[in-house]
>>> print(open('data_18.cif').read())   # mmCIF, C-alpha atoms and all ligand atoms
data_work
loop_
_atom_site.label_atom_id
_atom_site.label_comp_id
_atom_site.auth_asym_id
_atom_site.auth_seq_id
_atom_site.Cartn_x
_atom_site.Cartn_y
_atom_site.Cartn_z
CA MET A 149 0.00 0.00 0.00
CA SER A 150 1.20 3.45 -0.76
CA ASN A 151 -0.25 6.91 -0.65
CA CYS A 152 -0.43 9.47 -3.38
CA LEU A 153 2.45 11.91 -3.04
CA LEU A 154 0.25 14.86 -3.95
CA CYS A 155 -3.05 14.37 -2.12
CA GLY A 156 -2.24 11.60 0.34
CA ASN A 157 -5.11 9.39 -0.78
CA GLN A 158 -4.39 5.73 -1.10
CA VAL A 159 -3.15 4.64 -4.50
CA ARG A 160 -5.75 2.08 -5.43
CA ASP A 161 -4.98 -1.60 -5.82
CA SER A 162 -6.50 -1.79 -9.28
CA LEU A 163 -4.01 0.77 -10.51
CA ARG A 164 -1.12 -1.09 -8.99
CA PHE A 165 -2.37 -4.33 -10.47
CA ALA A 166 -2.46 -2.77 -13.94
CA ASN A 167 1.09 -1.64 -13.42
CA LEU A 168 2.29 -5.21 -13.11
CA PHE A 169 2.03 -5.45 -16.87
CA SER A 170 3.77 -2.25 -17.74
CA VAL A 171 7.39 -1.21 -17.46
CA THR A 172 6.97 0.20 -14.02
CA THR A 173 5.90 -1.54 -10.87
CA GLU A 174 5.31 1.54 -8.79
CA SER A 175 2.84 4.34 -9.04
CA TRP A 176 3.35 7.42 -6.92
CA LEU A 177 0.20 9.30 -7.81
CA CYS A 178 -3.47 8.40 -7.49
CA THR A 179 -5.52 8.24 -10.66
CA SER A 180 -7.24 11.56 -10.13
CA CYS A 181 -4.02 13.48 -9.44
CA ARG A 182 -2.28 11.82 -12.36
CA ALA A 183 -5.18 12.72 -14.65
CA GLY A 184 -4.57 16.40 -13.94
CA PHE A 185 -1.29 16.30 -15.83
CA LEU A 186 -1.89 16.50 -19.54
CA SER A 187 0.50 15.01 -22.01
CA ALA A 188 2.26 17.41 -24.38
CA GLU A 189 2.66 14.55 -26.81
CA ASN A 190 2.64 16.50 -30.04
CA LYS A 191 4.87 19.26 -28.88
CA GLN A 192 8.27 19.06 -30.39
CA ALA A 193 10.36 21.93 -31.63
CA GLY A 194 13.73 20.96 -33.04
CA ASN A 195 15.55 18.83 -30.52
CA MET A 196 13.29 20.02 -27.74
CA LYS A 197 10.54 17.82 -26.36
CA ALA A 198 8.02 18.46 -23.62
CA ILE A 199 6.40 15.80 -21.48
CA PHE A 200 3.46 17.64 -19.90
CA LYS A 201 1.52 20.77 -20.65
CA TRP A 202 1.71 23.61 -18.19
CA ASN A 203 -1.55 23.91 -16.23
CA GLU A 204 -2.66 24.58 -12.67
CA HIS A 205 -1.66 21.08 -11.60
CA ALA A 206 1.82 21.57 -13.00
CA GLU A 207 2.02 24.94 -11.29
CA HIS A 208 0.99 23.49 -7.93
CA PHE A 209 3.46 20.67 -8.32
CA VAL A 210 6.39 22.96 -9.12
CA GLU A 211 5.46 25.37 -6.33
CA ARG A 212 5.24 22.63 -3.77
CA TYR A 213 8.34 20.84 -4.99
CA LEU A 214 10.49 23.96 -4.98
CA ASN A 215 9.10 25.87 -2.02
CA MET A 216 8.51 23.07 0.43
CA GLN A 217 11.70 21.18 -0.44
CA ASP A 218 9.51 18.12 -0.74
CA ASP A 219 12.14 15.74 -2.14
CA GLU A 220 9.71 12.82 -2.28
CA LEU A 221 7.94 14.61 -5.12
CA SER A 222 10.95 14.10 -7.39
CA LYS A 223 9.70 10.52 -7.82
CA CYS A 224 6.28 11.51 -9.20
CA PHE A 225 7.20 11.47 -12.86
CA CYS A 226 10.13 9.07 -13.03
CA VAL A 227 8.17 6.74 -15.32
CA GLU A 228 7.29 9.48 -17.80
CA VAL A 229 10.78 10.96 -17.72
CA SER A 230 12.55 7.66 -18.28
CA LYS A 231 10.29 6.90 -21.23
CA LYS A 232 11.18 10.18 -22.94
CA VAL A 233 14.93 10.35 -22.50
CA ARG A 234 17.21 9.05 -25.20
CA PRO A 235 19.01 5.86 -24.33
CA LYS A 236 22.73 6.10 -23.55
CA LEU A 237 22.57 9.88 -23.32
CA ALA A 238 23.63 11.70 -20.16
CA TYR A 239 21.51 14.67 -19.18
CA LEU A 240 22.62 17.98 -17.81
CA SER A 241 20.26 19.68 -15.39
CA LEU A 242 20.33 23.37 -14.62
CA SER A 243 19.13 23.18 -11.05
CA GLU A 244 19.42 20.84 -8.13
CA ALA A 245 15.66 20.36 -8.19
CA SER A 246 15.61 19.09 -11.75
CA GLN A 247 18.69 16.97 -11.15
CA GLN A 248 16.83 15.32 -8.27
CA ILE A 249 14.14 14.26 -10.74
CA LEU A 250 16.76 12.66 -13.01
CA VAL A 251 18.32 10.84 -10.07
CA ALA A 252 14.90 9.54 -8.99
CA ALA A 253 14.32 8.21 -12.50
CA ALA A 254 17.83 6.68 -12.63
CA ILE A 255 18.79 8.73 -15.69
CA PRO A 256 22.53 9.25 -16.19
CA CYS A 257 23.13 12.89 -15.36
CA VAL A 258 26.06 15.23 -15.57
CA ILE A 259 26.85 18.56 -14.00
CA LEU A 260 28.48 21.41 -15.87
CA SER A 261 31.93 20.96 -14.35
CA GLU A 262 31.96 17.24 -15.17
CA GLN A 263 30.62 17.13 -18.69
CA SER A 264 33.80 17.79 -20.66
CA GLN A 265 34.13 14.09 -21.52
CA GLN A 266 30.81 13.94 -23.33
CA THR A 267 30.57 14.56 -27.03
CA GLU A 268 26.79 14.55 -26.99
CA ILE A 269 24.65 15.51 -24.07
CA GLY A 270 21.02 16.10 -23.29
CA VAL A 271 19.57 18.84 -21.16
CA PHE A 272 16.71 18.33 -18.74
CA LEU A 273 14.54 21.27 -17.70
CA MET A 274 11.70 21.20 -15.24
CA CYS A 275 9.91 24.17 -16.82
CA SER A 276 10.38 25.66 -20.21
CA ALA A 277 11.09 28.98 -18.49
CA GLU A 278 14.53 27.56 -17.76
CA LYS A 279 15.21 27.85 -21.50
CA VAL A 280 16.46 31.34 -20.74
CA GLN A 281 19.21 29.83 -18.64
CA LEU A 282 19.91 27.32 -21.36
CA ALA A 283 20.73 30.13 -23.76
CA LYS A 284 23.34 31.35 -21.31
CA LEU A 285 25.11 28.03 -21.10
CA SER A 286 28.58 28.68 -22.37
CA GLY A 287 30.44 25.93 -20.58
CA VAL A 288 28.95 23.05 -22.54
CA HIS A 289 31.62 21.17 -24.49
CA GLY A 290 29.45 18.50 -26.04
CA GLU A 291 26.72 18.99 -28.56
CA ILE A 292 23.27 19.35 -27.01
CA VAL A 293 21.31 16.78 -28.98
CA HIS A 294 18.17 16.61 -26.87
CA VAL A 295 16.34 19.02 -24.61
CA LEU A 296 13.68 17.43 -22.45
CA VAL A 297 11.22 19.69 -20.63
CA LEU A 298 8.97 18.30 -17.91
CA PHE A 299 6.38 21.09 -18.13
CA GLU A 300 5.95 23.17 -21.25
CA GLU A 301 4.29 26.51 -20.68
CA GLU A 302 1.90 27.66 -23.35
CA LEU A 303 3.04 30.68 -25.26
CA SER A 304 0.20 32.98 -24.33
CA CYS A 305 1.00 36.03 -26.43
CA GLU A 306 1.98 35.58 -30.03
ZN ZN B 401 -3.66 12.05 -5.43
#
>>> encode(input="data_18.cif", output="structure tokens")
Amino acid sequence: MSNCLLCGNQVRDSLRFANLFSVTTESWLCTSCRAGFLSAENKQAGNMKAIFKWNEHAEHFVERYLNMQDDELSKCFCVEVSKKVRPKLAYLSLSEASQQILVAAAIPCVILSEQSQQTEIGVFLMCSAEKVQLAKLSGVHGEIVHVLVLFEEELSCE
């Protein structure tokens, strides 16, 4: 038995039973919380790919994760993240919070000072707002071949 990391309700047995047949054996969110996160499936721009759309659920998650230092929450999306990363690629994260998510999902990750050995690297962002920081990255030696964003904000004014 486990409890949903977001609302504390019990994660139902039926859900866990269904998971026996998929890649993962563990579900950290209840069905109703999980349903609040909408897939950004068709969103791909160049080498950049988003996993979820930005909505109020995403906003609450990020707020709680960052402000309450709730490290447990880094596990919430490890299934989704590990499905979207490229195999054999190490990912660079721009903050400790996003690195924590990679670690929870057992994705190979690198930090800026240690990535000089890589010829190709990926970048993992929690929100697409971090793209601004990405543009400032001057210390990257390898080629950034994949940018994975957990939550993609909608471009509201264009
Ligand atoms: Zn829940």
>>> residues_near_ligand(input="data_18.cif", ligand="ligand ZN 401 (chain B)", cutoff="8 Å", atoms="all atoms listed in the file", output="PyMOL selection string")
chain A and resi 151-159+177-182
>>> residues_around(input="data_18.cif", residues="Ala254 (chain A)", least_positions_apart="3", cutoff="9 Å", atoms="all atoms listed in the file", output="list in words")
Cys226, Ser230, Ile249, Leu250, Val251 and Cys257 of chain A
>>> residues_near_point(input="data_18.cif", point="(9.4, 25.8, -19.2)", cutoff="8 Å", atoms="only C-alpha atoms", output="compact mmCIF listing (two decimals) with C-alpha atoms, in the frame of the given file")
# COMPACT_ATOMS: atom_id res chain seq x y z
CA LEU A 273 14.54 21.27 -17.70
CA MET A 274 11.70 21.20 -15.24
CA CYS A 275 9.91 24.17 -16.82
CA SER A 276 10.38 25.66 -20.21
CA ALA A 277 11.09 28.98 -18.49
CA GLU A 278 14.53 27.56 -17.76
CA LYS A 279 15.21 27.85 -21.50
CA VAL A 297 11.22 19.69 -20.63
CA LEU A 298 8.97 18.30 -17.91
CA PHE A 299 6.38 21.09 -18.13
CA GLU A 300 5.95 23.17 -21.25
CA GLU A 301 4.29 26.51 -20.68
>>> residues_near_point(input="data_18.cif", point="(11.4, 22.6, -4.8)", cutoff="12 Å", atoms="all atoms listed in the file", output="list in words")
Glu207, His208, Phe209, Val210, Glu211, Arg212, Tyr213, Leu214, Asn215, Met216, Gln217, Asp218, Asp219, Glu220, Leu221, Ser222, Ser243, Glu244, Ala245, Ser246, Gln247, Gln248, Ile249 and Met274 of chain A
>>> atom_distance(input="data_18.cif", atom1="CA of Leu282 (chain A)", atom2="CA of Leu260 (chain A)")
11.8 Å
>>> build_atoms(input="data_18.cif", residues="region 199-227 of chain A", atoms="N, CA and C atoms", output="JSON list (two decimals), in the frame of the given file")
[["chain", "number", "residue", "atom", "x", "y", "z"],
["A", 199, "ILE", "N", 7.13, 16.98, -21.94],
["A", 199, "ILE", "CA", 6.40, 15.80, -21.48],
["A", 199, "ILE", "C", 4.95, 16.17, -21.12],
["A", 200, "PHE", "N", 4.80, 17.22, -20.30],
["A", 200, "PHE", "CA", 3.46, 17.64, -19.90],
["A", 200, "PHE", "C", 3.20, 19.08, -20.28],
["A", 201, "LYS", "N", 1.91, 19.38, -20.45],
["A", 201, "LYS", "CA", 1.52, 20.77, -20.65],
["A", 201, "LYS", "C", 1.55, 21.50, -19.31],
["A", 202, "TRP", "N", 1.76, 22.78, -19.39],
["A", 202, "TRP", "CA", 1.71, 23.61, -18.19],
["A", 202, "TRP", "C", 0.24, 23.89, -17.87],
["A", 203, "ASN", "N", -0.20, 23.56, -16.66],
["A", 203, "ASN", "CA", -1.55, 23.91, -16.23],
["A", 203, "ASN", "C", -1.51, 24.13, -14.72],
["A", 204, "GLU", "N", -2.68, 24.27, -14.10],
["A", 204, "GLU", "CA", -2.66, 24.58, -12.67],
["A", 204, "GLU", "C", -2.06, 23.43, -11.85],
["A", 205, "HIS", "N", -2.24, 22.21, -12.33],
["A", 205, "HIS", "CA", -1.66, 21.08, -11.60],
["A", 205, "HIS", "C", -0.13, 21.13, -11.66],
["A", 206, "ALA", "N", 0.38, 21.45, -12.84],
["A", 206, "ALA", "CA", 1.82, 21.57, -13.00],
["A", 206, "ALA", "C", 2.35, 22.69, -12.11],
["A", 207, "GLU", "N", 1.60, 23.79, -12.08],
["A", 207, "GLU", "CA", 2.02, 24.94, -11.29],
["A", 207, "GLU", "C", 2.06, 24.58, -9.80],
["A", 208, "HIS", "N", 1.02, 23.91, -9.33],
["A", 208, "HIS", "CA", 0.99, 23.49, -7.93],
["A", 208, "HIS", "C", 2.13, 22.54, -7.61],
["A", 209, "PHE", "N", 2.38, 21.63, -8.53],
["A", 209, "PHE", "CA", 3.46, 20.67, -8.32],
["A", 209, "PHE", "C", 4.80, 21.39, -8.17],
["A", 210, "VAL", "N", 5.10, 22.27, -9.12],
["A", 210, "VAL", "CA", 6.39, 22.96, -9.12],
["A", 210, "VAL", "C", 6.53, 23.83, -7.86],
["A", 211, "GLU", "N", 5.45, 24.53, -7.53],
["A", 211, "GLU", "CA", 5.46, 25.37, -6.33],
["A", 211, "GLU", "C", 5.78, 24.56, -5.09],
["A", 212, "ARG", "N", 5.07, 23.45, -4.97],
["A", 212, "ARG", "CA", 5.24, 22.63, -3.77],
["A", 212, "ARG", "C", 6.61, 21.98, -3.74],
["A", 213, "TYR", "N", 7.04, 21.51, -4.90],
["A", 213, "TYR", "CA", 8.34, 20.84, -4.99],
["A", 213, "TYR", "C", 9.48, 21.80, -4.65],
["A", 214, "LEU", "N", 9.40, 23.00, -5.18],
["A", 214, "LEU", "CA", 10.49, 23.96, -4.98],
["A", 214, "LEU", "C", 10.42, 24.65, -3.63],
["A", 215, "ASN", "N", 9.21, 25.07, -3.24],
["A", 215, "ASN", "CA", 9.10, 25.87, -2.02],
["A", 215, "ASN", "C", 9.12, 25.05, -0.74],
["A", 216, "MET", "N", 8.58, 23.85, -0.80],
["A", 216, "MET", "CA", 8.51, 23.07, 0.43],
["A", 216, "MET", "C", 9.64, 22.07, 0.53],
["A", 217, "GLN", "N", 10.55, 22.09, -0.44],
["A", 217, "GLN", "CA", 11.70, 21.18, -0.44],
["A", 217, "GLN", "C", 11.22, 19.74, -0.23],
["A", 218, "ASP", "N", 10.13, 19.42, -0.90],
["A", 218, "ASP", "CA", 9.51, 18.12, -0.74],
["A", 218, "ASP", "C", 10.19, 17.12, -1.69],
["A", 219, "ASP", "N", 11.31, 16.57, -1.26],
["A", 219, "ASP", "CA", 12.14, 15.74, -2.14],
["A", 219, "ASP", "C", 11.41, 14.50, -2.66],
["A", 220, "GLU", "N", 10.48, 13.99, -1.86],
["A", 220, "GLU", "CA", 9.71, 12.82, -2.28],
["A", 220, "GLU", "C", 9.07, 13.04, -3.64],
["A", 221, "LEU", "N", 8.66, 14.30, -3.89],
["A", 221, "LEU", "CA", 7.94, 14.61, -5.12],
["A", 221, "LEU", "C", 8.79, 14.39, -6.38],
["A", 222, "SER", "N", 10.10, 14.32, -6.21],
["A", 222, "SER", "CA", 10.95, 14.10, -7.39],
["A", 222, "SER", "C", 10.64, 12.75, -8.04],
["A", 223, "LYS", "N", 9.99, 11.86, -7.28],
["A", 223, "LYS", "CA", 9.70, 10.52, -7.82],
["A", 223, "LYS", "C", 8.44, 10.48, -8.69],
["A", 224, "CYS", "N", 7.61, 11.53, -8.57],
["A", 224, "CYS", "CA", 6.28, 11.51, -9.20],
["A", 224, "CYS", "C", 6.30, 11.11, -10.67],
["A", 225, "PHE", "N", 7.26, 11.64, -11.41],
["A", 225, "PHE", "CA", 7.20, 11.47, -12.86],
["A", 225, "PHE", "C", 8.35, 10.64, -13.41],
["A", 226, "CYS", "N", 8.95, 9.81, -12.56],
["A", 226, "CYS", "CA", 10.13, 9.07, -13.03],
["A", 226, "CYS", "C", 9.78, 8.14, -14.19],
["A", 227, "VAL", "N", 8.56, 7.63, -14.21],
["A", 227, "VAL", "CA", 8.17, 6.74, -15.32],
["A", 227, "VAL", "C", 8.13, 7.52, -16.63]]
